[in-house]
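Reviewing the structure listed below.
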Amino acid sequence: MPSKTKGPCSLSDSHSQNNKNFMTMLPKEMVEFELQKDSSSPAPFHFKFDLPHAFRDFLGTREVGEFVSGALAGAMTKAVLAPLETIRTRMVVGIGSKNIAGSFVQVVEQQGWQGLWAGNMINMIRIVPTQAIEFGTFECVKRAMTSVQEKWEQEECPKLQIGSINLSLSLSWISPVAVAGAAAGVASTLVCHPLEVLKDRLTISPEAYPNLGIAVRNMYKDGGMGAFYAGILPTLAGMLPYSTCYYFMYDTIKRSYCQTRNKKSLNRPEMLLLGALAGFSASTISFPLEVARKRLMVGALQGKCPPNMAAALAEVIRDEGLKGLYRGWGASCLKVMPSSGITWMFYEAWKDILLVNKGHSL
């Protein structure tokens, strides 16, 4: 009588079982498969990865929508304000007419209407990733900080005892918007500072750097990667307070305005106005640091650079008094206010299109 012993599991059976286990771990929407069993051969399977569907899901996420909204807002703002930037540059450098109307007419007569957008491509290359990273980082960090605060408050806050003094370590005093604004400025500066350096080289020394490719090659040849991050510390020192104030002021003014008017959201003209006001406030608060940063840059070119930001501020006050800290503030506001207002208006509009219309809450 034959014994009823169970034979060892074959490699093909084990292979088929592993395939089944692997397939069950993948999302059903992304995978189509078919198992064909045969008593005399291993069970093969046909694997099909639905890349278009996965890509559409990725593009539909909130984070991608915010990054894209920031990029589109930056591009559209630059396109709208490019004529003003061209005229301002001509007046600052001293080319042609000394007034806005005369400079406008001269550009159109000499170069046609397209002359008003001369050099706008390098600005687009710089501003699109800058605004995408800035707005995307701001939204992500703000959500993360808000979530951490809520979780921290729901649980019992850690306490620190020093002798007879008990301290409750609460995070409620930290503004998620301010932290997010600072993170946005730092992230965009670290990633996009090389583009700013390239833009300055192309603008200041067009004979040495006639195009982008030559500029990149020559800068890397002369100074390596460090050449692309020249002046990064003063730039961060100026960007940090500006970016923090910029986002904090817009969010604070927006919430206060909506509460006062009993509104859930702003219309487009209100976004334009509040964005301009946020830019004005941030520029006014951080402008002395911008003056010091420019003093450091000019000093480096002239060979008499102050050793640090504090020394640059002291030098400005010694040479020009306290009013020297705000020299050029009016012209800066004329540039910052429309740019800030238009950027926020376009950003909020694109968020409505890419996020709200797809069911994401703001």
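Labels for the structure tokens follow display order: chains A, B, ..., residues from 1 in each chain, ligands from 1.
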Item to check | Picked from segment 113-343 of chain A by DSSP as strand (DSSP E or B), as a count of residues only | outcome: 8
Next on the checklist: as an NGL selection string, please: every residue in segment 270-338 of chain A that DSSP puts in alpha helix (DSSP H).
Outcome noted: :A and (270-302 or 309-320 or 329-338)
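We find atom CA of Pro176 of chain A and atom CA of Ala276 of chain A to be spaced 21.8 Å apart.
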Checklist entry - Which polymer residues have any atom within 12 Å of an atom of Lys335 of chain A, counting only C-alpha atoms, with same-chain residues fewer than 2 positions away left out, as a PyMOL selection string? => result chain A and resi 77-78+81-89+276+279-280+283+328-333+337-342
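Nearest residue to Glu63 of chain A, choosing from A:Cys140, A:Leu322, A:Leu202, A:Ala101 and counting only C-alpha atoms: A:Cys140.
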Mind checking which residues fall within 12 Å of Ile253 of chain A, counting only C-alpha atoms, ignoring those fewer than 2 positions away in the same chain, and posting them as a PDB file with C-alpha atoms, in the first residue's frame?
ATOM      1  CA  CYS A 245       7.160  89.424   6.665  1.00  0.00           C
ATOM      2  CA  TYR A 246       5.785  89.041   3.132  1.00  0.00           C
ATOM      3  CA  TYR A 247       3.837  85.833   3.730  1.00  0.00           C
ATOM      4  CA  PHE A 248       2.947  86.655   7.323  1.00  0.00           C
ATOM      5  CA  MET A 249       1.541  90.082   6.388  1.00  0.00           C
ATOM      6  CA  TYR A 250      -0.510  88.753   3.464  1.00  0.00           C
ATOM      7  CA  ASP A 251      -2.023  85.909   5.485  1.00  0.00           C
ATOM      8  CA  ARG A 255      -7.733  86.759   7.570  1.00  0.00           C
ATOM      9  CA  SER A 256      -8.451  90.048   9.344  1.00  0.00           C
ATOM     10  CA  TYR A 257     -10.125  91.517   6.275  1.00  0.00           C
ATOM     11  CA  CYS A 258     -12.310  88.443   5.725  1.00  0.00           C
ATOM     12  CA  GLN A 259     -13.345  88.383   9.396  1.00  0.00           C
ATOM     13  CA  THR A 260     -14.182  92.091   9.383  1.00  0.00           C
ATOM     14  CA  LEU A 266     -11.398  87.534  -1.525  1.00  0.00           C
ATOM     15  CA  GLU A 270      -9.016  92.570  -3.188  1.00  0.00           C
ATOM     16  CA  MET A 271      -6.249  89.995  -3.743  1.00  0.00           C
ATOM     17  CA  LEU A 273      -4.722  95.247  -3.233  1.00  0.00           C
ATOM     18  CA  LEU A 274      -3.817  93.065  -0.237  1.00  0.00           C
ATOM     19  CA  GLY A 275      -0.892  91.502  -2.101  1.00  0.00           C
ATOM     20  CA  ALA A 276       0.465  94.945  -2.908  1.00  0.00           C
ATOM     21  CA  LEU A 277       0.045  96.001   0.727  1.00  0.00           C
ATOM     22  CA  ALA A 278       1.903  92.881   1.910  1.00  0.00           C
ATOM     23  CA  GLY A 279       4.754  93.625  -0.494  1.00  0.00           C
ATOM     24  CA  SER A 281       5.020  96.208   4.368  1.00  0.00           C
TER      25      SER A 281
END
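The coordinates place atom CA of Leu236 of chain A at 6.6 Å from atom CA of Val186 of chain A.
The residue set within 10 Å of Lys199 of chain A, counting only C-alpha atoms and dropping same-chain residues fewer than 2 places from it, reads Gly119, Ile122, Asn123, Ile125, Arg126, His193, Pro194, Leu195, Glu196, Val197, Arg201, Leu202, Thr203, Ile204, Leu212 and Ala215 of chain A.
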Next on the checklist: Give me the residues near Phe67 of chain A as a PyMOL selection string, where near means some atom within 7 Å (using only C-alpha atoms) and where sequence neighbours in that chain fewer than 3 positions away do not count.
Outcome noted: chain A and resi 63-64+70-71+132-133+135-136
